[in-house]
file start.csv (CSV, C-alpha atoms)
chain,number,residue,atom,x,y,z
A,1058,MET,CA,57.7,186.0,-13.2
A,1059,SER,CA,59.5,184.9,-10.0
A,1060,ASP,CA,57.9,185.4,-6.6
A,1061,PRO,CA,59.5,188.5,-5.2
A,1062,VAL,CA,59.7,186.8,-1.7
A,1063,ASP,CA,60.3,183.1,-2.7
A,1064,PHE,CA,62.5,183.9,-5.7
A,1065,TYR,CA,63.9,180.3,-6.1
A,1066,ALA,CA,60.6,178.6,-5.3
A,1067,ALA,CA,62.1,177.0,-2.1
A,1068,PHE,CA,58.6,176.3,-0.9
A,1069,ALA,CA,57.3,174.9,-4.2
A,1070,ASP,CA,57.0,171.3,-2.8
A,1071,LEU,CA,54.7,172.1,0.1
A,1072,THR,CA,51.7,169.8,0.3
A,1073,PRO,CA,48.2,171.2,0.1
A,1074,ALA,CA,47.7,170.6,3.8
A,1075,GLN,CA,50.9,172.4,4.6
A,1076,ARG,CA,49.9,175.4,2.5
A,1077,ALA,CA,46.5,175.5,4.0
A,1078,ALA,CA,48.0,175.5,7.5
A,1079,TRP,CA,50.4,178.3,6.6
A,1080,SER,CA,47.5,180.3,5.1
A,1081,ASP,CA,45.3,179.8,8.2
A,1082,LEU,CA,48.2,181.0,10.4
A,1083,GLN,CA,48.7,184.0,8.3
A,1084,ALA,CA,45.0,184.9,8.7
A,1085,VAL,CA,45.2,184.4,12.5
A,1086,MET,CA,48.3,186.6,12.8
A,1087,ALA,CA,46.8,189.3,10.5
A,1088,GLU,CA,43.8,189.5,12.7
A,1089,LEU,CA,45.9,189.7,15.8
A,1090,GLY,CA,48.3,192.3,14.3
A,1091,PRO,CA,47.1,195.5,16.1
A,1092,THR,CA,46.9,193.7,19.4
A,1093,LEU,CA,50.4,192.3,19.1
A,1094,ASP,CA,51.9,195.6,18.1
A,1095,ALA,CA,50.2,197.3,21.1
A,1096,ALA,CA,51.4,194.6,23.5
A,1097,TRP,CA,55.0,195.0,22.1
A,1098,LEU,CA,54.9,198.7,22.7
A,1099,ALA,CA,53.5,198.2,26.2
A,1100,GLY,CA,56.0,195.5,27.0
A,1101,THR,CA,53.3,193.1,28.1
A,1102,PHE,CA,52.2,189.7,26.9
A,1103,PRO,CA,48.9,189.6,24.9
A,1104,LEU,CA,47.0,186.9,26.7
A,1105,GLU,CA,44.1,187.2,24.3
A,1106,ALA,CA,46.4,185.8,21.6
A,1107,ILE,CA,46.7,182.4,23.2
A,1108,PRO,CA,43.2,181.0,22.3
A,1109,PRO,CA,43.4,181.6,18.6
A,1110,LEU,CA,47.0,180.3,18.4
A,1111,GLY,CA,45.9,177.3,20.5
A,1112,ALA,CA,43.0,176.7,18.1
A,1113,PHE,CA,45.3,176.8,15.1
A,1114,VAL,CA,47.7,174.2,16.8
A,1115,GLN,CA,44.8,171.9,17.6
A,1116,GLU,CA,43.5,172.0,14.0
A,1117,HIS,CA,46.8,171.6,12.2
A,1118,LEU,CA,49.6,170.2,14.3
A,1119,GLY,CA,47.7,167.2,15.6
A,1120,PRO,CA,48.9,165.0,18.5
A,1121,TYR,CA,52.0,166.2,20.2
A,1122,SER,CA,55.3,164.6,19.2
A,1123,TRP,CA,58.9,165.6,19.6
A,1124,PRO,CA,60.8,165.8,17.3
A,1125,PRO,CA,58.0,167.2,15.2
A,1126,ALA,CA,56.2,164.6,13.1
A,1127,ASP,CA,56.2,167.2,10.2
A,1128,PRO,CA,59.3,169.3,10.3
A,1129,TRP,CA,58.1,171.4,7.3
A,1130,LEU,CA,54.9,172.4,9.2
A,1131,MET,CA,56.8,173.2,12.4
A,1132,GLY,CA,59.2,175.3,10.3
A,1133,LEU,CA,56.4,177.2,8.6
A,1134,VAL,CA,54.8,177.9,12.0
A,1135,LYS,CA,58.0,179.4,13.3
A,1136,LEU,CA,58.6,181.3,10.0
A,1137,GLU,CA,55.2,182.9,10.1
A,1138,LEU,CA,55.3,183.8,13.7
A,1139,GLY,CA,58.7,185.3,13.1
A,1140,ARG,CA,57.5,187.2,10.0
A,1141,THR,CA,54.7,188.9,11.9
A,1142,ASP,CA,55.6,188.9,15.7
A,1143,PRO,CA,58.8,187.3,17.0
A,1144,SER,CA,57.6,187.6,20.6
A,1145,MET,CA,54.8,185.1,19.7
A,1146,ALA,CA,57.5,182.9,18.1
A,1147,SER,CA,59.3,182.8,21.4
A,1148,PHE,CA,56.1,182.1,23.4
A,1149,PHE,CA,55.3,179.1,21.1
A,1150,ALA,CA,58.9,177.8,21.1
A,1151,VAL,CA,59.3,177.9,24.9
A,1152,HIS,CA,55.8,176.3,25.5
A,1153,TRP,CA,55.5,173.8,22.6
A,1154,GLY,CA,59.2,173.2,22.0
A,1155,LEU,CA,61.4,173.4,25.1
A,1156,THR,CA,59.0,172.8,27.9
A,1157,MET,CA,56.7,170.2,26.4
A,1158,SER,CA,59.7,168.4,24.7
A,1159,CYS,CA,61.4,168.0,28.1
A,1160,ILE,CA,58.3,166.6,29.7
A,1161,ALA,CA,57.7,164.3,26.7
A,1162,ALA,CA,61.3,163.1,26.5
A,1163,PHE,CA,62.3,163.0,30.2
A,1164,GLY,CA,59.1,162.9,32.2
A,1165,SER,CA,57.4,160.0,33.9
A,1166,ASP,CA,54.2,158.5,32.6
A,1167,ASP,CA,52.3,160.4,35.3
A,1168,GLN,CA,54.0,163.7,34.5
A,1169,ARG,CA,53.2,163.3,30.8
A,1170,ALA,CA,49.6,162.5,31.5
A,1171,GLN,CA,49.3,165.4,33.9
A,1172,TRP,CA,50.7,168.1,31.6
A,1173,LEU,CA,50.9,167.2,28.0
A,1174,PRO,CA,47.2,167.0,27.1
A,1175,ARG,CA,46.4,170.3,28.7
A,1176,MET,CA,49.5,172.0,27.3
A,1177,SER,CA,48.7,170.7,23.8
A,1178,ARG,CA,45.3,172.5,24.1
A,1179,PHE,CA,47.1,175.6,25.5
A,1180,GLU,CA,45.0,175.2,28.7
A,1181,ALA,CA,48.2,175.1,30.7
A,1182,ILE,CA,51.3,177.1,29.7
A,1183,GLY,CA,54.9,176.0,30.2
A,1184,SER,CA,58.2,177.8,30.8
A,1185,PHE,CA,61.8,176.5,30.6
A,1186,ALA,CA,64.7,177.7,32.7
A,1187,LEU,CA,68.3,176.9,31.8
A,1188,SER,CA,70.3,180.1,31.6
A,1189,GLU,CA,71.4,181.9,34.8
A,1190,PRO,CA,72.5,185.4,35.7
A,1191,LEU,CA,76.2,184.3,35.5
A,1192,VAL,CA,75.8,181.3,33.1
A,1193,GLY,CA,74.9,181.4,29.5
A,1194,SER,CA,77.1,179.8,26.9
A,1195,ASP,CA,78.8,177.6,29.5
A,1196,ALA,CA,75.6,176.0,30.7
A,1197,ALA,CA,77.0,172.5,29.9
A,1198,ARG,CA,79.4,172.7,32.8
A,1199,GLY,CA,78.8,175.9,34.6
A,1200,LEU,CA,75.3,175.7,36.2
A,1201,ARG,CA,75.3,177.2,39.6
A,1202,CYS,CA,71.7,176.4,40.6
A,1203,THR,CA,72.0,173.3,42.8
A,1204,ALA,CA,69.7,170.4,43.5
A,1205,THR,CA,70.4,168.7,46.9
A,1206,PRO,CA,68.7,165.5,47.9
A,1207,THR,CA,66.5,165.7,51.0
A,1208,ASP,CA,64.3,163.2,52.8
A,1209,GLY,CA,61.8,162.3,50.1
A,1210,GLY,CA,62.7,165.0,47.7
A,1211,TRP,CA,65.0,167.8,46.7
A,1212,GLU,CA,66.1,171.3,47.7
A,1213,LEU,CA,66.7,173.8,44.9
A,1214,SER,CA,68.9,176.9,45.5
A,1215,GLY,CA,70.1,179.5,43.0
A,1216,GLN,CA,68.8,181.7,40.3
A,1217,LYS,CA,67.7,181.4,36.7
A,1218,LYS,CA,67.5,184.2,34.1
A,1219,TRP,CA,65.4,184.9,31.0
A,1220,ALA,CA,62.9,181.9,31.2
A,1221,GLY,CA,60.2,183.2,28.8
A,1222,ASN,CA,56.5,182.6,29.8
A,1223,ALA,CA,57.4,182.2,33.5
A,1224,THR,CA,55.0,185.0,34.6
A,1225,LEU,CA,52.0,183.2,33.0
A,1226,ALA,CA,53.2,179.6,33.3
A,1227,ASP,CA,51.4,176.8,35.0
A,1228,VAL,CA,54.5,174.7,35.1
A,1229,LEU,CA,58.2,175.5,34.9
A,1230,VAL,CA,61.0,173.2,33.9
A,1231,ILE,CA,64.0,174.1,36.1
A,1232,LEU,CA,67.5,172.6,35.2
A,1233,ALA,CA,70.0,172.4,38.1
A,1234,ARG,CA,73.3,170.8,39.0
A,1235,GLY,CA,72.9,167.6,41.0
A,1236,PRO,CA,75.2,166.4,43.9
A,1237,GLU,CA,77.5,164.5,41.5
A,1238,GLY,CA,77.7,167.3,38.9
A,1239,GLU,CA,75.0,165.9,36.7
A,1240,VAL,CA,72.3,168.1,35.1
A,1241,LEU,CA,68.8,167.3,36.5
A,1242,GLY,CA,65.4,168.6,35.6
A,1243,PHE,CA,62.4,169.5,37.8
A,1244,LEU,CA,58.8,170.6,37.4
A,1245,LEU,CA,57.7,173.4,39.6
A,1246,GLU,CA,54.3,175.1,39.8
A,1247,PRO,CA,53.7,178.8,40.7
A,1248,GLY,CA,53.2,179.2,44.4
A,1249,THR,CA,55.8,176.6,45.4
A,1250,PRO,CA,57.4,177.9,48.7
A,1251,GLY,CA,60.8,179.4,48.0
A,1252,LEU,CA,60.0,180.1,44.3
A,1253,HIS,CA,60.2,183.8,43.4
A,1254,ILE,CA,59.7,185.2,39.9
A,1255,SER,CA,60.5,188.9,38.9
A,1256,ARG,CA,60.2,190.4,35.5
A,1257,ILE,CA,63.1,191.8,33.6
A,1258,GLU,CA,62.2,195.4,32.6
A,1259,ASP,CA,63.4,197.8,29.9
A,1260,LYS,CA,64.2,195.4,27.1
A,1261,ILE,CA,64.7,196.7,23.6
A,1262,ALA,CA,63.8,193.3,21.9
A,1263,LYS,CA,61.1,190.7,22.3
A,1264,ARG,CA,59.2,193.2,24.4
A,1265,SER,CA,56.1,191.1,24.6
A,1266,VAL,CA,58.0,188.2,26.1
A,1267,GLU,CA,57.9,188.6,29.9
A,1268,ASN,CA,61.4,187.4,30.6
A,1269,VAL,CA,62.3,186.9,34.3
A,1270,VAL,CA,64.8,186.3,37.0
A,1271,ILE,CA,63.8,183.2,39.0
A,1272,THR,CA,65.1,182.9,42.5
A,1273,LEU,CA,65.0,179.5,44.2
A,1274,ASP,CA,65.4,180.1,48.0
A,1275,ARG,CA,65.9,176.7,49.5
A,1276,CYS,CA,62.9,175.5,47.5
A,1277,VAL,CA,61.9,172.0,48.7
A,1278,ILE,CA,60.0,169.8,46.3
A,1279,PRO,CA,59.1,166.1,46.3
A,1280,GLU,CA,60.8,163.4,44.3
A,1281,ALA,CA,57.7,163.2,42.1
A,1282,ALA,CA,58.6,166.7,40.7
A,1283,ARG,CA,61.9,165.4,39.2
A,1284,LEU,CA,62.1,164.5,35.5
A,1285,PRO,CA,63.3,160.9,36.0
A,1286,GLY,CA,64.8,160.5,32.5
A,1287,LEU,CA,67.1,163.5,32.6
A,1288,HIS,CA,70.7,162.9,33.9
A,1289,HIS,CA,73.2,164.9,31.8
A,1290,PHE,CA,73.5,168.0,29.6
A,1291,LYS,CA,73.9,166.0,26.4
A,1292,GLN,CA,70.3,165.0,26.6
A,1293,VAL,CA,69.3,168.7,26.9
A,1294,ALA,CA,71.6,169.5,24.0
A,1295,ALA,CA,69.5,167.2,21.8
A,1296,THR,CA,66.4,169.3,22.5
A,1297,LEU,CA,68.3,172.5,21.9
A,1298,GLY,CA,69.5,171.1,18.6
A,1299,VAL,CA,65.9,170.9,17.3
A,1300,GLY,CA,65.3,174.3,18.9
A,1301,ARG,CA,68.1,175.8,16.7
A,1302,PHE,CA,66.5,174.3,13.6
A,1303,ALA,CA,63.3,176.1,14.6
A,1304,VAL,CA,65.1,179.4,15.4
A,1305,ALA,CA,66.7,179.3,11.9
A,1306,TRP,CA,63.2,179.2,10.5
A,1307,GLU,CA,62.2,182.1,12.8
A,1308,ALA,CA,65.2,184.2,11.7
A,1309,THR,CA,64.2,183.6,8.1
A,1310,GLY,CA,60.7,184.7,8.8
A,1311,ILE,CA,61.9,187.9,10.4
A,1312,ALA,CA,64.1,188.6,7.4
A,1313,MET,CA,61.2,188.0,5.1
A,1314,GLY,CA,58.9,190.2,7.0
A,1315,ALA,CA,61.3,193.1,7.1
A,1316,TYR,CA,62.0,192.7,3.4
A,1317,GLU,CA,58.3,192.6,2.5
A,1318,ALA,CA,57.6,195.7,4.5
A,1319,ALA,CA,60.6,197.5,2.9
A,1320,LEU,CA,59.5,196.4,-0.6
A,1321,ARG,CA,55.9,197.7,0.0
A,1322,TYR,CA,57.2,200.9,1.3
A,1323,THR,CA,59.5,201.6,-1.6
A,1324,ARG,CA,56.6,201.2,-4.0
A,1325,SER,CA,54.4,203.7,-2.2
A,1326,ARG,CA,56.9,206.2,-0.9
A,1327,GLU,CA,57.6,209.0,-3.4
A,1328,GLN,CA,60.6,211.3,-3.4
A,1329,PHE,CA,61.8,213.6,-6.2
A,1330,GLY,CA,58.5,213.0,-8.0
A,1331,ARG,CA,58.5,209.1,-8.2
A,1332,PRO,CA,58.5,206.0,-6.1
A,1333,ILE,CA,61.8,205.4,-4.4
A,1334,ALA,CA,61.7,201.8,-5.7
A,1335,GLY,CA,62.8,203.2,-9.0
A,1336,PHE,CA,66.2,204.5,-7.6
A,1337,GLN,CA,69.3,202.4,-8.2
A,1338,LEU,CA,70.6,202.6,-4.7
A,1339,VAL,CA,67.3,201.5,-3.2
A,1340,GLN,CA,67.1,198.5,-5.7
A,1341,ASP,CA,70.6,197.6,-4.7
A,1342,LYS,CA,69.5,197.2,-1.0
A,1343,LEU,CA,66.3,195.3,-2.0
A,1344,VAL,CA,68.3,192.9,-4.1
A,1345,ARG,CA,70.9,192.4,-1.3
A,1346,MET,CA,68.1,191.6,1.1
A,1347,LEU,CA,66.5,189.1,-1.4
A,1348,SER,CA,69.9,187.5,-1.9
A,1349,GLU,CA,70.3,186.8,1.8
A,1350,ILE,CA,66.7,185.5,2.2
A,1351,THR,CA,67.0,183.2,-0.9
A,1352,ALA,CA,70.1,181.6,0.5
A,1353,MET,CA,68.4,181.1,3.9
A,1354,GLN,CA,65.3,179.6,2.3
A,1355,CYS,CA,67.2,177.2,0.2
A,1356,LEU,CA,69.3,176.1,3.2
A,1357,LEU,CA,66.2,175.5,5.2
A,1358,ALA,CA,64.5,173.6,2.5
A,1359,GLN,CA,67.3,171.1,2.3
A,1360,LEU,CA,67.8,170.9,6.0
A,1361,THR,CA,64.1,170.2,6.5
A,1362,ARG,CA,64.3,167.4,3.9
A,1363,LEU,CA,67.1,165.9,6.0
A,1364,ALA,CA,65.1,166.4,9.2
A,1365,ALA,CA,62.2,164.5,7.6
A,1366,GLU,CA,64.6,161.7,7.0
A,1367,GLY,CA,65.8,161.7,10.6
A,1368,LYS,CA,69.1,163.3,9.7
A,1369,LEU,CA,69.0,166.5,11.7
A,1370,ASP,CA,72.0,166.6,14.0
A,1371,ALA,CA,73.5,169.2,16.3
A,1372,SER,CA,76.0,170.5,13.8
A,1373,ARG,CA,73.6,170.9,11.0
A,1374,ALA,CA,71.1,172.7,13.3
A,1375,ALA,CA,74.0,174.9,14.5
A,1376,LEU,CA,75.1,175.8,11.0
A,1377,ALA,CA,71.5,176.7,10.1
A,1378,LYS,CA,71.0,178.9,13.1
A,1379,LEU,CA,74.3,180.8,12.7
A,1380,THR,CA,73.8,181.3,8.9
A,1381,CYS,CA,70.1,182.4,9.1
A,1382,ALA,CA,70.7,184.6,12.2
A,1383,GLY,CA,73.6,186.4,10.5
A,1384,GLY,CA,71.6,186.8,7.3
A,1385,MET,CA,68.6,188.1,9.3
A,1386,ARG,CA,70.6,190.7,11.0
A,1387,ARG,CA,71.9,192.1,7.7
A,1388,VAL,CA,68.5,192.1,6.1
A,1389,VAL,CA,66.7,194.0,9.0
A,1390,ALA,CA,69.5,196.6,9.0
A,1391,LEU,CA,69.0,197.1,5.2
A,1392,ALA,CA,65.2,197.3,5.6
A,1393,ARG,CA,65.4,199.9,8.4
A,1394,GLU,CA,67.9,201.8,6.2
A,1395,VAL,CA,65.5,201.8,3.2
A,1396,LEU,CA,62.7,203.3,5.3
A,1397,GLY,CA,64.9,206.2,6.4
A,1398,GLY,CA,63.4,207.9,9.5
A,1399,ASN,CA,60.2,205.9,9.2
A,1400,GLY,CA,62.2,202.8,9.9
A,1401,ILE,CA,62.1,203.4,13.6
A,1402,LEU,CA,58.3,203.6,13.7
A,1403,VAL,CA,56.4,200.4,14.5
A,1404,GLU,CA,53.5,201.3,12.2
A,1405,HIS,CA,55.7,200.6,9.1
A,1406,GLY,CA,56.4,197.0,9.9
A,1407,VAL,CA,60.2,197.0,10.2
A,1408,ALA,CA,61.1,198.6,13.6
A,1409,LYS,CA,59.7,195.7,15.7
A,1410,LEU,CA,61.5,193.1,13.6
A,1411,PHE,CA,64.7,195.2,13.6
A,1412,ALA,CA,64.7,195.3,17.4
A,1413,ASP,CA,63.6,191.7,17.9
A,1414,ALA,CA,66.3,190.4,15.6
A,1415,GLU,CA,68.9,191.2,18.2
A,1416,ALA,CA,67.4,188.7,20.6
A,1417,VAL,CA,67.2,186.0,18.0
A,1418,TYR,CA,70.8,186.7,17.0
A,1419,SER,CA,71.9,185.7,20.5
A,1420,TYR,CA,69.6,183.0,21.8
A,1421,GLU,CA,69.7,179.3,21.2
A,1422,GLY,CA,73.5,179.6,21.0
A,1423,THR,CA,75.5,182.7,20.1
A,1424,GLN,CA,77.2,182.9,16.7
A,1425,GLU,CA,80.5,181.9,18.4
A,1426,MET,CA,79.1,178.8,20.2
A,1427,ASN,CA,77.3,177.6,17.1
A,1428,THR,CA,80.5,178.1,15.1
A,1429,LEU,CA,82.4,176.0,17.6
A,1430,ILE,CA,79.8,173.2,17.3
A,1431,VAL,CA,80.2,173.1,13.6
A,1432,GLY,CA,84.0,173.5,13.9
A,1433,ARG,CA,84.1,170.4,16.1
A,1434,ALA,CA,82.0,168.5,13.6
A,1435,ILE,CA,84.2,169.2,10.6
A,1436,THR,CA,87.6,168.9,12.3
A,1437,GLY,CA,87.0,166.4,15.0
A,1438,ILE,CA,88.6,168.7,17.5
A,1439,ALA,CA,86.6,170.6,20.3
A,1440,ALA,CA,87.9,174.2,20.7
A,1441,PHE,CA,85.4,175.4,23.2
A,1442,VAL,CA,88.0,176.4,25.8

call {"tool": "encode", "arguments": {"input": "start.csv", "output": "structure tokens"}}
result
Amino acid sequence: MSDPVDFYAAFADLTPAQRAAWSDLQAVMAELGPTLDAAWLAGTFPLEAIPPLGAFVQEHLGPYSWPPADPWLMGLVKLELGRTDPSMASFFAVHWGLTMSCIAAFGSDDQRAQWLPRMSRFEAIGSFALSEPLVGSDAARGLRCTATPTDGGWELSGQKKWAGNATLADVLVILARGPEGEVLGFLLEPGTPGLHISRIEDKIAKRSVENVVITLDRCVIPEAARLPGLHHFKQVAATLGVGRFAVAWEATGIAMGAYEAALRYTRSREQFGRPIAGFQLVQDKLVRMLSEITAMQCLLAQLTRLAAEGKLDASRAALAKLTCAGGMRRVVALAREVLGGNGILVEHGVAKLFADAEAVYSYEGTQEMNTLIVGRAITGIAAFV
């Protein structure tokens, strides 16, 4: 009989080590489940979740590398975090992916030595700030945060928005527009004069992620705080491309989690004297969910094979993100529908995923922007403006 979650055996070729890591992460997340739900409802980050997640990373991911040395394992980590708690998927992605990758790729030897070992052990936490209050999809050319040379350093002025992990971060990567229009990167630490961080309140999605507005009020920093290898947005885009690959895995995990919760519910929920899983209209919704998920899993399996061969490019990552995010959104809507009124209660395992899916649908490139990236790749014509 086919696996009701992995219907086409998309994960059949995982190695024993990859399966063991996935199983260990499932156990960690199951243990943390009540804590994570409570934090989501409170809208606060669960600091007590960092040590067990860090211990898992130390045991299974090994020395830090970017792009990931094992794209399958990285994908499975994002999938499992998405399946159980998407806020933790964002925490991991911002810290291990965006922040550490920028330091690894663009930092000096001293910067890498100062931050990467501690960050790998989750003893220091990172945040990444690209988007701004008035700049989202047009970040490639529209950054308003400025970096002005000073005697021996730089003065940063402007604002950043979203920047997950910033309230608990030990180091923040700040991207700003240089004097000649180039995109530059800087490492700032909490307490830097002129750096102000305020939480964004009242979110309906990713509630445990403490997103912020960062204000840089003539913030003066030394030259040693600049990432010397970063000069233009195309370099950042390469990091974002790998990020879109990871978000596609997260979106698939969210869809799987919502589908699994809905399937369990339909087997136990009785109406009219029998489980609702035996009703034709309910089975129709379950099969539609499985159809979306199976397509997403098979897409990711092939894309991950390509990534392992060094063939993951921006357009392939963009297609995966837009396909999996679209499928995820349809799946969580069907799952919430199957649960009826209980679908809006966190205790049944769908409501949190339903809400968090809205954030995943938009970040790491909207559907429109990822569509234009793929459109440029297949036509040779850029249609962004």

call {"tool": "closest_residue", "arguments": {"input": "start.csv", "among": "A:Phe1336, A:Phe1243, A:Trp1219, A:Trp1123", "to": "A:Glu1258", "atoms": "all atoms listed in the file"}}
result
A:Trp1219

call {"tool": "atom_distance", "arguments": {"input": "start.csv", "atom1": "atom CA of A:Gln1354", "atom2": "atom CA of A:Glu1317"}}
result
14.8 Å

call {"tool": "atom_distance", "arguments": {"input": "start.csv", "atom1": "atom CA of A:Thr1428", "atom2": "atom CA of A:Gly1298"}}
result
13.5 Å

call {"tool": "residues_around", "arguments": {"input": "start.csv", "residues": "A:Trp1211", "least_positions_apart": "5", "cutoff": "7 Å", "atoms": "only C-alpha atoms", "output": "VMD selection string"}}
result
chain A and resid 1204 to 1206 1277 to 1280

call {"tool": "write_last_selection", "arguments": {"input": "start.csv", "atoms": "C-alpha atoms", "output": "CSV table (one decimal), in the frame of the given file"}}
result
chain,number,residue,atom,x,y,z
A,1204,ALA,CA,69.7,170.4,43.5
A,1205,THR,CA,70.4,168.7,46.9
A,1206,PRO,CA,68.7,165.5,47.9
A,1277,VAL,CA,61.9,172.0,48.7
A,1278,ILE,CA,60.0,169.8,46.3
A,1279,PRO,CA,59.1,166.1,46.3
A,1280,GLU,CA,60.8,163.4,44.3

call {"tool": "residues_around", "arguments": {"input": "start.csv", "residues": "A:Thr1309", "least_positions_apart": "5", "cutoff": "9 Å", "atoms": "all atoms listed in the file", "output": "list of chain:residue names"}}
result
A:Leu1136, A:Gly1139, A:Arg1140, A:Val1304, A:Gly1314, A:Ile1350, A:Met1353, A:Gln1354, A:Leu1357, A:Cys1381, A:Ala1382, A:Gly1384, A:Met1385

call {"tool": "write_last_selection", "arguments": {"input": "start.csv", "atoms": "C-alpha atoms", "output": "CSV table (one decimal), keeping the file's coordinate frame"}}
result
chain,number,residue,atom,x,y,z
A,1136,LEU,CA,58.6,181.3,10.0
A,1139,GLY,CA,58.7,185.3,13.1
A,1140,ARG,CA,57.5,187.2,10.0
A,1304,VAL,CA,65.1,179.4,15.4
A,1314,GLY,CA,58.9,190.2,7.0
A,1350,ILE,CA,66.7,185.5,2.2
A,1353,MET,CA,68.4,181.1,3.9
A,1354,GLN,CA,65.3,179.6,2.3
A,1357,LEU,CA,66.2,175.5,5.2
A,1381,CYS,CA,70.1,182.4,9.1
A,1382,ALA,CA,70.7,184.6,12.2
A,1384,GLY,CA,71.6,186.8,7.3
A,1385,MET,CA,68.6,188.1,9.3

call {"tool": "closest_residue", "arguments": {"input": "start.csv", "among": "A:Asp1227, A:Glu1212, A:Asp1063, A:Asp1195", "to": "A:Met1176", "atoms": "only C-alpha atoms"}}
result
A:Asp1227

call {"tool": "closest_residue", "arguments": {"input": "start.csv", "among": "A:Leu1356, A:Cys1202, A:Val1389, A:Met1145", "to": "A:Ile1401", "atoms": "all atoms listed in the file"}}
result
A:Val1389

call {"tool": "closest_residue", "arguments": {"input": "start.csv", "among": "A:Met1058, A:Val1266, A:Ala1150, A:Met1131", "to": "A:Ala1096", "atoms": "all atoms listed in the file"}}
result
A:Val1266

call {"tool": "decode", "arguments": {"input": "start.csv", "residues": "stretch 1070-1085 of chain A", "atoms": "N, CA and C atoms", "output": "PDB file, in the first residue's frame"}}
result
ATOM      1  N   ASP A1070      14.885   7.361  -1.811  1.00  0.00           N
ATOM      2  CA  ASP A1070      16.329   7.219  -1.992  1.00  0.00           C
ATOM      3  C   ASP A1070      17.150   7.897  -0.893  1.00  0.00           C
ATOM      4  N   LEU A1071      16.515   8.316   0.189  1.00  0.00           N
ATOM      5  CA  LEU A1071      17.266   8.914   1.281  1.00  0.00           C
ATOM      6  C   LEU A1071      18.241   7.900   1.863  1.00  0.00           C
ATOM      7  N   THR A1072      19.411   8.382   2.255  1.00  0.00           N
ATOM      8  CA  THR A1072      20.388   7.505   2.883  1.00  0.00           C
ATOM      9  C   THR A1072      19.979   7.216   4.330  1.00  0.00           C
ATOM     10  N   PRO A1073      20.542   6.171   4.938  1.00  0.00           N
ATOM     11  CA  PRO A1073      20.249   5.908   6.352  1.00  0.00           C
ATOM     12  C   PRO A1073      20.579   7.108   7.250  1.00  0.00           C
ATOM     13  N   ALA A1074      21.666   7.817   6.947  1.00  0.00           N
ATOM     14  CA  ALA A1074      22.034   8.973   7.759  1.00  0.00           C
ATOM     15  C   ALA A1074      21.005  10.092   7.616  1.00  0.00           C
ATOM     16  N   GLN A1075      20.515  10.310   6.405  1.00  0.00           N
ATOM     17  CA  GLN A1075      19.502  11.342   6.191  1.00  0.00           C
ATOM     18  C   GLN A1075      18.196  10.969   6.905  1.00  0.00           C
ATOM     19  N   ARG A1076      17.810   9.711   6.834  1.00  0.00           N
ATOM     20  CA  ARG A1076      16.587   9.267   7.517  1.00  0.00           C
ATOM     21  C   ARG A1076      16.740   9.387   9.034  1.00  0.00           C
ATOM     22  N   ALA A1077      17.921   9.056   9.534  1.00  0.00           N
ATOM     23  CA  ALA A1077      18.150   9.153  10.975  1.00  0.00           C
ATOM     24  C   ALA A1077      18.061  10.600  11.438  1.00  0.00           C
ATOM     25  N   ALA A1078      18.648  11.508  10.652  1.00  0.00           N
ATOM     26  CA  ALA A1078      18.589  12.925  11.005  1.00  0.00           C
ATOM     27  C   ALA A1078      17.148  13.423  10.990  1.00  0.00           C
ATOM     28  N   TRP A1079      16.412  13.058   9.982  1.00  0.00           N
ATOM     29  CA  TRP A1079      15.002  13.470   9.884  1.00  0.00           C
ATOM     30  C   TRP A1079      14.215  12.942  11.081  1.00  0.00           C
ATOM     31  N   SER A1080      14.433  11.686  11.422  1.00  0.00           N
ATOM     32  CA  SER A1080      13.741  11.089  12.561  1.00  0.00           C
ATOM     33  C   SER A1080      14.099  11.800  13.860  1.00  0.00           C
ATOM     34  N   ASP A1081      15.382  12.130  14.029  1.00  0.00           N
ATOM     35  CA  ASP A1081      15.804  12.830  15.244  1.00  0.00           C
ATOM     36  C   ASP A1081      15.163  14.209  15.335  1.00  0.00           C
ATOM     37  N   LEU A1082      15.074  14.916  14.214  1.00  0.00           N
ATOM     38  CA  LEU A1082      14.449  16.232  14.230  1.00  0.00           C
ATOM     39  C   LEU A1082      12.955  16.119  14.518  1.00  0.00           C
ATOM     40  N   GLN A1083      12.302  15.109  13.983  1.00  0.00           N
ATOM     41  CA  GLN A1083      10.899  14.887  14.304  1.00  0.00           C
ATOM     42  C   GLN A1083      10.702  14.716  15.805  1.00  0.00           C
ATOM     43  N   ALA A1084      11.604  13.972  16.443  1.00  0.00           N
ATOM     44  CA  ALA A1084      11.509  13.756  17.889  1.00  0.00           C
ATOM     45  C   ALA A1084      11.712  15.065  18.657  1.00  0.00           C
ATOM     46  N   VAL A1085      12.686  15.869  18.207  1.00  0.00           N
ATOM     47  CA  VAL A1085      12.936  17.155  18.857  1.00  0.00           C
ATOM     48  C   VAL A1085      11.703  18.048  18.755  1.00  0.00           C
TER      49      VAL A1085
END
